[in-house]
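Worksheet: one structure, shown below.
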Amino acid sequence: MVTKADTIWFDGELRPWDSANVHILTHTLHYGLGVFEGIRVYRRADGQSAVFRLREHIERLVDGARMMTIPVRYSVDELMAACVETCRSNGLAECYVRPIAFIGEGAMGVAAMENPTHVAIAAWPWGAYLGDEGLARGVRLKTSTFVRPHINSQLHKGKVCGHYVNSILAKREALLDGYDEALMLDTQGYVSEASGENIFCVRRGEIYTPPYGSAILGGITRHTLLTLAGEAGLRVREEPLTRDMLYLADEVFMCGTAAEVTPVRELDRRVIGSGSRGPVTETLQARYFDVVKGSDDSHPQWFTRFEVAGR
């Protein structure tokens, strides 16, 4: 359950949480045309709060809106400032931030070209998406019967509201079958991603992940791990992966803003490697957490720092 905060930023002003409402004929509610982001704020070892890769997230939000022909009247800098303002107004030193741009009420046809665009930003405390045990022990995946749409069926490089119905179907199917998460293939049968995470595997010391040009989201956490792996001297190969390559991998792990770095211990009832978090996954996971909330200051450009009153 989402822990209710005090305020939500809505079209340029802070509103009480319970007053940040929309009309039942809001176009995005009916047709799904909207874009959103998920962003984490960490309280670091020095006691400061820092939004992780805020600019990259907001740039992706604005770029996604442009791809989807949704006009947004706010600049990247204005939306970044609004995210920080939302965290401060709620006294949240560590939290999850959810900006969304969506189409409001007006015409109810499919296109609704003249309907207004609304932008809202909410923030609330949120721990490990797949649980603390999942971060340490690993999770169980099931290959979904639902596939990622073809690259010309939708625009995969934006976080588009309606596109997540595909992920929801896959996730619910996995949970109903007793698994933690779903692995999704593309229309050619190659590994794409999980329902909300990018995926990696390790085989004989090398890391593999589907290429950016495939039907995957260009994950910001994915980019972070590619950078950290390179700095650690680990070779990463971006190339098409088949499902059996994951079965035979020494390690499999997923990443995303919500999931952070989560190992996979089982896929389709096949144990991956030793059946627990592997050494490469553990190395990258430890480095990632040291960067985002520890003492590693090697990437100051990734952080937007702010103070929370009374903290």
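The chains in the structure tokens are called A, B, ... from first to last as shown; in each chain the residues are counted from 1, and the ligands are counted from 1 in the order shown.
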
* **10 Å contact set for Phe146 (chain A), only C-alpha atoms, chain neighbours under 5 positions out, as a list in words** =>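 With the cut-off at 10 Å, the set is Asn166, Ser167, Leu169, Ala170, Lys171, Glu173, Ala182, Leu183, Met184, Leu185, Asp186 and Thr187 of chain A.
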
Write the residues of the selection above to a file with N, CA, C and O atoms, as a short mmCIF file (atom, residue, chain, number, x, y, z; two decimals), in the first residue's frame.
data_model
loop_
_atom_site.label_atom_id
_atom_site.label_comp_id
_atom_site.auth_asym_id
_atom_site.auth_seq_id
_atom_site.Cartn_x
_atom_site.Cartn_y
_atom_site.Cartn_z
N ASN A 166 0.45 -4.58 -20.91
CA ASN A 166 1.23 -5.75 -21.30
C ASN A 166 2.02 -6.30 -20.12
O ASN A 166 2.03 -7.51 -19.85
N SER A 167 2.66 -5.41 -19.36
CA SER A 167 3.42 -5.82 -18.19
C SER A 167 2.51 -6.35 -17.08
O SER A 167 2.85 -7.32 -16.38
N LEU A 169 -0.42 -7.84 -17.34
CA LEU A 169 -0.88 -9.18 -17.67
C LEU A 169 0.20 -10.21 -17.36
O LEU A 169 -0.09 -11.28 -16.79
N ALA A 170 1.44 -9.90 -17.73
CA ALA A 170 2.54 -10.83 -17.48
C ALA A 170 2.81 -11.00 -15.99
O ALA A 170 3.01 -12.12 -15.49
N LYS A 171 2.81 -9.89 -15.25
CA LYS A 171 3.07 -9.95 -13.81
C LYS A 171 1.98 -10.71 -13.08
O LYS A 171 2.27 -11.57 -12.23
N GLU A 173 -0.03 -13.00 -14.26
CA GLU A 173 0.08 -14.40 -14.63
C GLU A 173 1.17 -15.07 -13.79
O GLU A 173 0.97 -16.18 -13.26
N ALA A 182 7.85 -11.95 -13.98
CA ALA A 182 7.71 -12.55 -15.30
C ALA A 182 8.89 -12.16 -16.19
O ALA A 182 9.32 -11.01 -16.18
N LEU A 183 9.37 -13.13 -16.96
CA LEU A 183 10.33 -12.87 -18.03
C LEU A 183 9.54 -12.76 -19.32
O LEU A 183 8.73 -13.63 -19.64
N MET A 184 9.81 -11.71 -20.10
CA MET A 184 9.07 -11.50 -21.33
C MET A 184 9.99 -11.62 -22.53
O MET A 184 11.12 -11.10 -22.53
N LEU A 185 9.52 -12.31 -23.55
CA LEU A 185 10.24 -12.45 -24.80
C LEU A 185 9.67 -11.46 -25.81
O LEU A 185 8.57 -10.94 -25.63
N ASP A 186 10.43 -11.21 -26.88
CA ASP A 186 9.91 -10.35 -27.94
C ASP A 186 9.20 -11.18 -28.99
O ASP A 186 9.05 -12.41 -28.84
N THR A 187 8.74 -10.56 -30.06
CA THR A 187 7.95 -11.28 -31.06
C THR A 187 8.77 -12.28 -31.86
O THR A 187 8.22 -13.13 -32.54
#

Give me the region 32-71 of chain A side of the contact with region 77-90 of chain A, cut-off 7 Å, one line per residue showing its nearest atom pair and distance in Å at one decimal, counting only C-alpha atoms, sorted by chain and residue number, as JSON lines.
{"residue": "A:Leu54", "atom": "CA", "partner": "A:Met80", "partner_atom": "CA", "distance": 6.7}
{"residue": "A:Arg55", "atom": "CA", "partner": "A:Met80", "partner_atom": "CA", "distance": 6.8}
{"residue": "A:Ile58", "atom": "CA", "partner": "A:Met80", "partner_atom": "CA", "distance": 6.8}

* Structure fact -> Using only C-alpha atoms, the residue out of A:Cys95, A:Met67, A:Ile220, A:Leu33 with shortest distance to Ala50 (chain A) is A:Cys95

Set the distance at 9 Å and use only C-alpha atoms: which residues neighbour Ala45 (chain A) once local chain neighbours fewer than 4 positions away are removed? I'd like the list as an mmCIF file with C-alpha atoms, in the first residue's frame.
data_model
loop_
_atom_site.group_PDB
_atom_site.id
_atom_site.type_symbol
_atom_site.label_atom_id
_atom_site.label_comp_id
_atom_site.auth_asym_id
_atom_site.auth_seq_id
_atom_site.Cartn_x
_atom_site.Cartn_y
_atom_site.Cartn_z
ATOM 1 C CA ASP A 290 27.392 2.194 -2.163
ATOM 2 C CA LYS A 293 23.251 5.622 -0.632
ATOM 3 C CA GLY A 294 26.697 4.872 0.696
ATOM 4 C CA SER A 295 30.041 6.619 0.789
#

* Near His223 (chain A), within 12 Å and counting only C-alpha atoms, which residues show up once chain neighbours fewer than 6 positions away are dropped, as a ChimeraX atom specification? -> /A:53,56-57,198-200,209,211-212,217,229-230,236,238,255-257,288,302

* To do: Would you mind telling me which residue in A:Lys159, A:Arg43, A:Arg148, A:His118 lies nearest to Tyr190 (chain A) when using only C-alpha atoms?
  =>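 Checking each of A:Lys159, A:Arg43, A:Arg148, A:His118 against Tyr190 (chain A), counting only C-alpha atoms, the winner is A:Arg148.
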
* **All residues 6 Å or closer to Ala120 (chain A), only C-alpha atoms, same chain fewer than 6 positions away omitted, as JSON, numbers by chain** => {"A": [9, 10, 99, 100]}

Export, as a PDB file, in the first residue's frame, the selected residues with N, CA and C atoms.
ATOM      1  N   TRP A   9       2.268  17.663  -6.029  1.00  0.00           N
ATOM      2  CA  TRP A   9       2.444  18.788  -6.966  1.00  0.00           C
ATOM      3  C   TRP A   9       1.549  18.525  -8.162  1.00  0.00           C
ATOM      4  N   PHE A  10       0.695  19.496  -8.489  1.00  0.00           N
ATOM      5  CA  PHE A  10      -0.284  19.286  -9.562  1.00  0.00           C
ATOM      6  C   PHE A  10      -0.404  20.569 -10.379  1.00  0.00           C
ATOM      7  N   PRO A  99       6.453  11.221 -11.169  1.00  0.00           N
ATOM      8  CA  PRO A  99       5.890  12.248 -12.048  1.00  0.00           C
ATOM      9  C   PRO A  99       5.054  11.593 -13.147  1.00  0.00           C
ATOM     10  N   ILE A 100       3.997  12.266 -13.555  1.00  0.00           N
ATOM     11  CA  ILE A 100       3.161  11.757 -14.636  1.00  0.00           C
ATOM     12  C   ILE A 100       2.610  12.927 -15.437  1.00  0.00           C
TER      13      ILE A 100
END

* Would you please work out which residue, of A:Val291, A:Val72, A:Val147, A:Val261, is nearest to Phe303 (chain A) when using only C-alpha atoms? =>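 Looking only at the distances to Phe303 (chain A), the closest residue turns out to be A:Val291.
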
* To do: Tell me which protein, DNA and RNA residues are within 8 Å of Val110 (chain A), counting only C-alpha atoms, leaving out same-chain ones fewer than 2 positions away, and put them as a PyMOL selection string.
  => chain A and resi 31+108+112

Convert the current residue selection to file output with C-alpha atoms, as an mmCIF file, in the first residue's frame.
data_model
loop_
_atom_site.group_PDB
_atom_site.id
_atom_site.type_symbol
_atom_site.label_atom_id
_atom_site.label_comp_id
_atom_site.auth_asym_id
_atom_site.auth_seq_id
_atom_site.Cartn_x
_atom_site.Cartn_y
_atom_site.Cartn_z
ATOM 1 C CA TYR A 31 -7.246 5.400 -23.439
ATOM 2 C CA MET A 108 -13.616 11.656 -25.839
ATOM 3 C CA ALA A 112 -8.335 14.230 -28.438
#

* Name the residues of region 138-187 of chain A that fall into helix (DSSP H, G or I) according to DSSP on the backbone, using the chain letters and numbers of this document, as a PyMOL selection string. => chain A and resi 164-176

Those same residues, written as a tab-separated table (two decimals), in the first residue's frame with all heavy atoms?
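part29.tsv written:
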chain	number	residue	atom	x	y	z
A	164	TYR	N	1.79	-0.37	-20.25
A	164	TYR	CA	2.03	-1.23	-19.10
A	164	TYR	C	0.93	-2.26	-18.87
A	164	TYR	O	1.08	-3.14	-18.01
A	164	TYR	CB	2.27	-0.38	-17.84
A	164	TYR	CG	3.74	-0.01	-17.74
A	164	TYR	CD1	4.28	0.97	-18.56
A	164	TYR	CD2	4.59	-0.69	-16.87
A	164	TYR	CE1	5.63	1.28	-18.51
A	164	TYR	CE2	5.94	-0.38	-16.81
A	164	TYR	CZ	6.46	0.60	-17.63
A	164	TYR	OH	7.80	0.88	-17.59
A	165	VAL	N	-0.15	-2.21	-19.63
A	165	VAL	CA	-1.12	-3.30	-19.57
A	165	VAL	C	-0.44	-4.62	-19.95
A	165	VAL	O	-0.70	-5.67	-19.34
A	165	VAL	CB	-2.33	-3.02	-20.49
A	165	VAL	CG1	-3.24	-4.24	-20.59
A	165	VAL	CG2	-3.12	-1.82	-19.98
A	166	ASN	N	0.45	-4.58	-20.91
A	166	ASN	CA	1.23	-5.75	-21.30
A	166	ASN	C	2.02	-6.30	-20.12
A	166	ASN	O	2.03	-7.51	-19.85
A	166	ASN	CB	2.16	-5.36	-22.46
A	166	ASN	CG	3.00	-6.49	-22.99
A	166	ASN	OD1	4.22	-6.43	-22.91
A	166	ASN	ND2	2.38	-7.51	-23.56
A	167	SER	N	2.66	-5.41	-19.36
A	167	SER	CA	3.42	-5.82	-18.19
A	167	SER	C	2.51	-6.35	-17.08
A	167	SER	O	2.85	-7.32	-16.38
A	167	SER	CB	4.24	-4.65	-17.65
A	167	SER	OG	5.26	-4.27	-18.55
A	168	ILE	N	1.37	-5.70	-16.91
A	168	ILE	CA	0.45	-6.11	-15.85
A	168	ILE	C	-0.06	-7.53	-16.09
A	168	ILE	O	-0.12	-8.37	-15.18
A	168	ILE	CB	-0.73	-5.13	-15.75
A	168	ILE	CG1	-0.24	-3.77	-15.24
A	168	ILE	CG2	-1.83	-5.67	-14.84
A	168	ILE	CD1	-1.24	-2.65	-15.43
A	169	LEU	N	-0.42	-7.84	-17.34
A	169	LEU	CA	-0.88	-9.18	-17.67
A	169	LEU	C	0.20	-10.21	-17.36
A	169	LEU	O	-0.09	-11.28	-16.79
A	169	LEU	CB	-1.28	-9.25	-19.15
A	169	LEU	CG	-2.54	-8.48	-19.55
A	169	LEU	CD1	-2.67	-8.47	-21.07
A	169	LEU	CD2	-3.77	-9.09	-18.91
A	170	ALA	N	1.44	-9.90	-17.73
A	170	ALA	CA	2.54	-10.83	-17.48
A	170	ALA	C	2.81	-11.00	-15.99
A	170	ALA	O	3.01	-12.12	-15.49
A	170	ALA	CB	3.80	-10.33	-18.19
A	171	LYS	N	2.81	-9.89	-15.25
A	171	LYS	CA	3.07	-9.95	-13.81
A	171	LYS	C	1.98	-10.71	-13.08
A	171	LYS	O	2.27	-11.57	-12.23
A	171	LYS	CB	3.16	-8.52	-13.27
A	171	LYS	CG	3.40	-8.42	-11.78
A	171	LYS	CD	4.85	-8.65	-11.42
A	171	LYS	CE	5.10	-8.34	-9.94
A	171	LYS	NZ	6.52	-8.38	-9.58
A	172	ARG	N	0.72	-10.44	-13.40
A	172	ARG	CA	-0.38	-11.15	-12.73
A	172	ARG	C	-0.33	-12.64	-13.03
A	172	ARG	O	-0.58	-13.47	-12.14
A	172	ARG	CB	-1.72	-10.54	-13.15
A	172	ARG	CG	-1.97	-9.16	-12.56
A	172	ARG	CD	-3.37	-8.67	-12.81
A	172	ARG	NE	-3.63	-7.43	-12.08
A	172	ARG	CZ	-4.84	-6.94	-11.85
A	172	ARG	NH1	-5.90	-7.57	-12.32
A	172	ARG	NH2	-4.98	-5.82	-11.18
A	173	GLU	N	-0.03	-13.00	-14.26
A	173	GLU	CA	0.08	-14.40	-14.63
A	173	GLU	C	1.17	-15.07	-13.79
A	173	GLU	O	0.97	-16.18	-13.26
A	173	GLU	CB	0.42	-14.52	-16.11
A	173	GLU	CG	0.63	-15.95	-16.59
A	173	GLU	CD	1.11	-15.99	-18.04
A	173	GLU	OE1	2.18	-15.40	-18.33
A	173	GLU	OE2	0.42	-16.61	-18.87
A	174	ALA	N	2.32	-14.42	-13.65
A	174	ALA	CA	3.42	-14.99	-12.87
A	174	ALA	C	3.04	-15.16	-11.40
A	174	ALA	O	3.31	-16.21	-10.79
A	174	ALA	CB	4.67	-14.11	-13.00
A	175	LEU	N	2.41	-14.14	-10.83
A	175	LEU	CA	2.02	-14.22	-9.42
A	175	LEU	C	0.97	-15.31	-9.19
A	175	LEU	O	1.05	-16.06	-8.21
A	175	LEU	CB	1.49	-12.87	-8.94
A	175	LEU	CG	2.51	-11.72	-8.88
A	175	LEU	CD1	1.80	-10.42	-8.49
A	175	LEU	CD2	3.65	-12.02	-7.92
A	176	LEU	N	0.01	-15.41	-10.10
A	176	LEU	CA	-1.02	-16.44	-9.96
A	176	LEU	C	-0.44	-17.84	-10.06
A	176	LEU	O	-0.98	-18.80	-9.49
A	176	LEU	CB	-2.11	-16.24	-11.02
A	176	LEU	CG	-3.03	-15.03	-10.81
A	176	LEU	CD1	-3.89	-14.79	-12.04
A	176	LEU	CD2	-3.91	-15.23	-9.57

* Quick one: DSSP strand (DSSP E) residues in region 197-284 of chain A, as number ranges by chain? -> A: 198-203, 206-209, 236-238, 251-256, 260-267, 270-271

* 7 Å contact set for Ile207 (chain A), only C-alpha atoms, chain neighbours under 4 positions out, as a list in words -> Phe200, Cys201, Val202, Arg203, Arg235, Val236 and Arg237 of chain A

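Note that the spacing between CA of Tyr42 (chain A) and CA of Ala20 (chain A) amounts to 25.2 Å.
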